Structure formats: C-alpha cells, structure tokens
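**Student:** This structure is in structure tokens; I'll ask about it shortly.
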Protein chains: 2
Amino acid sequence: MSTAAKGRPKSEEKKEAMLSAAADLFLENGYDGVSMDLVADRAGVSKQTVYSHFGNKDALFASCVTCKMEEYGLGPALLDHDLPAREGLSRIGQHFNALLLSPEAVRMKRLMCAHAESNPKLSELFYQAGPAMMKEIFADYLDRQVARGQLQIEDTALAARHFLYMIQGDAHMMALLNISEAPSAEETDRYVESCVELFMTVYGTKG
Amino acid sequence: MSTAAKGRPKSEEKKEAMLSAAADLFLENGYDGVSMDLVADRAGVSKQTVYSHFGNKDALFASCVTCKMEEYGLGPALLDHDLPAREGLSRIGQHFNALLLSPEAVRMKRLMCAHAESNPKLSELFYQAGPAMMKEIFADYLDRQVARGQLQIEDTALAARHFLYMIQGDAHMMALLNISEAPSAEETDRYVESCVELFMTVYGTKG
DNA sequence: ATCACACTAGACTGTCCAGTCTAGTTATTC
DNA sequence: GAATAACTAGACTGGACAGTCTAGTGTGAT
C-alpha cells in the first residue's frame, strides 16, 4: 500500500517553476503565443521535463489555470460585516473593482474568453471560482445586512447581481479591451460610489 | 486626376466574398485558427487574390472587423421616444440584451478581448462603435425622457452607465465564457425587468 | 486588337513548433 | 553499489502555415 517510490522522485520545486513560468507566459502572450521550448527555457528546465510532468501543452495550460484559480480562492476576507451598510458596500465595491482591474485578472479573463469555445471546461472553472463565487459571497453578506436591519431586500441573490455587475461598468470593459485613455482611478472611485448610492436608495432601510 | 483605371478592375464581388468568408471564419475559429488557404478556399478564390486585395493576414483581419462594425452601426432605430419611460426602458433593455447575447456579438467580443493586447487599434474601434456608441445613444434617450418629465436624472451619462452595465449581468458573462447551463430566456427577461424596476425606483418621477 | 492588369492553380520557401528520441548524467532507494 | 527513474542537451520528425513565385488564362478599357 505504501507508495513504492523506487528511483528518483519528481522534483516538486521544478514543477512549481514550470507552472509559474508557464502561467506568466500564457497570461502575457496567450496560448498560441507560447511555445513549449520557451516554457522550458524560462523555467530553467529541459523540454523533456515539461513533457514528463504535464504530458502535453493543453494539460500544462489547464494546470496553470487551475493553479491560478486556487490562488484567487483565498481572497474573500475583506468583508466587514459590522460596518454600516453604506461603508461596507463602498469598501467591497472598491476592492472588487480593484481586483477586476488588476492586470492579471484582466489577462486571465481575456484568456478565458478567447478559449471559451475550444475549452469550455476551463472557462467554467474560471466562472465558478471567480464571478459565481463572488456573487455567492456577496449575497451572503447582503443576507447578514438584512438580518441586521441595515438593508431591506427581498431577493438578495438578485440584488447581488445588480450591484456586482453594475459596478464593473466602463472601467472593466475598457481594461478588457485595452483602451488607451482609461478612466482615472478617481473617476472609477466616483463611479463605484455612485453605484453604492443608487443601491442604498433602492435597498437601504428608510430613516 | 480621374482614376486612371487601365486594365481589368478588381472584382468588388470577389472582395465581398473574401471578406464575408474571412469574417465568418475568424468569428468561428479565432485569428490563429484560420489559414489564408482556408479563406481563399471558402471564398472560392485563389490565395494570390486574397493577397492582392488585402496584402497580408493582419490587414484582412482588420478589414473584417471594420466591415462588421459598419454593419452594427445601423442598429439604433429601436428607440421609441414617445412610449412611457418604463415601457421604453423595458424595450430598450430587452433589445440591448438580445443583441449582447447573439452568437455573433459574443464571438466578436471574445475575439476583440483576445487580441486587445496585440492589436489595441481594433479593440478601440470595437469599443467606439459598440459600447461607447450605445452609451451615447442611450444617454440621449434619457435626456429626452428627462425633458418630457418622465424621468428625473442629474447626470444622464452616469445613469446610462448604471443601466447598461447592470443589464448585462450574468447572462452576458456566461455567454462570453460559454457556460453550459445558461439562464433561460425567461430568466434573463425577468432579470432585465428587475433592472428597469430598480432604475425607475431611483430615477422615475414620483406620482 | 492590344495593353494592362486581375485572376487561377499549384509548387515552393522559410519558419515555427508540438512532440519524440537518444545518449549521457544525477539523484534516490534498498 | 546496483537498480531505478528523473533530468539535461540537443538532434530530429512531421505538419502547419504565411507569404512568394511562376506560368498561364480571363477580362475590361482604349
């Protein structure tokens, strides 16, 4: 039963170097823009080693995505349930926005869109670990605020979508499309605040 | 001055066949997934003719995008300025949503995202002719409704963003990522209506 | 009729790249 | 120290494909 393990074991260190190099390259240059030779080179490893660990390019790509998704999973500690709703929403909105606009997240989304047709499993993975997860976490937050009497919402899942999708707005679209004169951080902040305002008008408790 | 035009002129018909074939192929298979041989074949034309009309693959791609963008430009006739605001918004929202979810629009956006880094000119073209145009048209619509006393809005450009980006929501994200169990048409309709409702709560004139 | 150019069919070049193979080296276990 | 398997360096195969070239055939303007 005990794992036999005769001979030299595969190096976990090298595996990580390969994953990290490959992820960087894929995010920067896209799937087609990266050759296995380049990955091997960048990871300081021979090509054969890449194949011995991952089998083929597709599998390497999939491993990179899975790995990145696990990294992202650790992020939802930024909810402060005890703040007044308006401040809490504002903080969440700003953080969420910053996450969406980070170069890595933007590149990841581009990559997932590009291969959604040819590789729907990966884009589904991305959707579940990203947008769907965020939606769920935020809906829970809203539930708590309703319980605290800070908000008045019938369907918190629906309200969560209203808020999260509204907040993405122009800034996200422009980042995704790499538009040159993107709105400044201040403009984006102000937009987020306007969304919070709007949300509170609709879902805030009166008085 | 008059265009000299000696010899046989280039066939406009063939040019259109090439553009149409290439656009279909690019939208279906992405830039890297299409070879010039395939385009020539599909257009019923020899490869040399493709090169003689477009010079190289990049230029062909650019022509396809420009062409598609011109097609899309003709769409904003669906605004009925005389309807009550609630019905008008509902209609616009539904149309806008249907447009965003059409397979062609989804593929175009994927393509533009994928090449936003390597070809920002094209994605900018897309942004201007697509989202930016829509935003402008819709803000104008809101201005009119404010003038008619149907809505009460300080900043119509801001309100337009609120509405249009909120409305995209999950359905658009899932279409882009090719998620298998997309929401049904009824669910999406209901979501759009909920956005209209929310918008009217904030920006509708009382009583 | 003739010039000029578009067009065709297909061969060809050069490059890139996924994936394999080889021969030798190094680390790990028993 | 012998067996085993990971690893390296680099050559190699085979296929795809952008772009060019050639030689010949339409086709429209003057």
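By convention in this document, the chains of the structure tokens carry letters A, B, ... by their order, each chain's residues are numbered from 1, and ligands are numbered from 1 in the order they are shown.
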Please report, as a PyMOL selection string, each residue of stretch 47-206 of chain B to which DSSP assigns alpha helix (DSSP H) when run on this structure's backbone.
**Tutor:** chain B and resi 47-54+57-72+85-101+103-114+120-127+133-147+156-176+185-203
**Student:** Taking only C-alpha atoms (C1' of nucleotides) into account and nothing else, which residues of chain A lie no more than 9 Å away from chain C? Please answer as number ranges by chain.
**Tutor:** A: 5-9, 35-37, 51, 56-57
**Student:** If we count only C-alpha atoms (C1' of nucleotides), what is near stretch 93-107 of chain B at a cut-off of 10 Å, once residues fewer than 6 positions away on the same chain are taken out, given as number ranges by chain?
**Tutor:** A: 113-114, 116-117; B: 24, 26-30, 68, 72, 75-76, 78-79, 87, 113, 130, 134, 163-164, 167-169, 171-178, 185, 188-193, 195-196
**Student:** Expressed in Å to a single decimal, how great is the separation between atom CA of B:Glu16 and atom CA of B:Asp58?
**Tutor:**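 These two atoms are separated by 17.1 Å.
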**Student:** Taking only C-alpha atoms (C1' of nucleotides) into account, what are the residues of chain D at most 9 Å from chain A, put as a count of residues only?
**Tutor:** 7
**Student:** One number please: atom CA of B:Leu111 to atom CA of B:Leu125, in Å, one decimal.
**Tutor:**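 Straight-line distance from atom CA of B:Leu111 to atom CA of B:Leu125 works out to 12.8 Å.
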**Student:** Using only C-alpha atoms, which residue out of A:Gly33, A:Gly149, A:Pro183, A:Gly55 lies closest to A:Pro84?
**Tutor:**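 Ranking A:Gly33, A:Gly149, A:Pro183, A:Gly55 by distance to A:Pro84, first place goes to A:Gly149.
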**Student:** Looking at B:Glu70, B:Glu186, B:Glu12, B:Glu181, which one is nearest to chain A, with distances taken over only C-alpha atoms?
**Tutor:** B:Glu181
**Student:** With only C-alpha atoms as the atoms that count, which of B:Asp32, B:Gln152, B:Leu60, B:Arg86 lies nearest to chain A?
**Tutor:**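 Under the stated criterion, the closest residue is B:Asp32.
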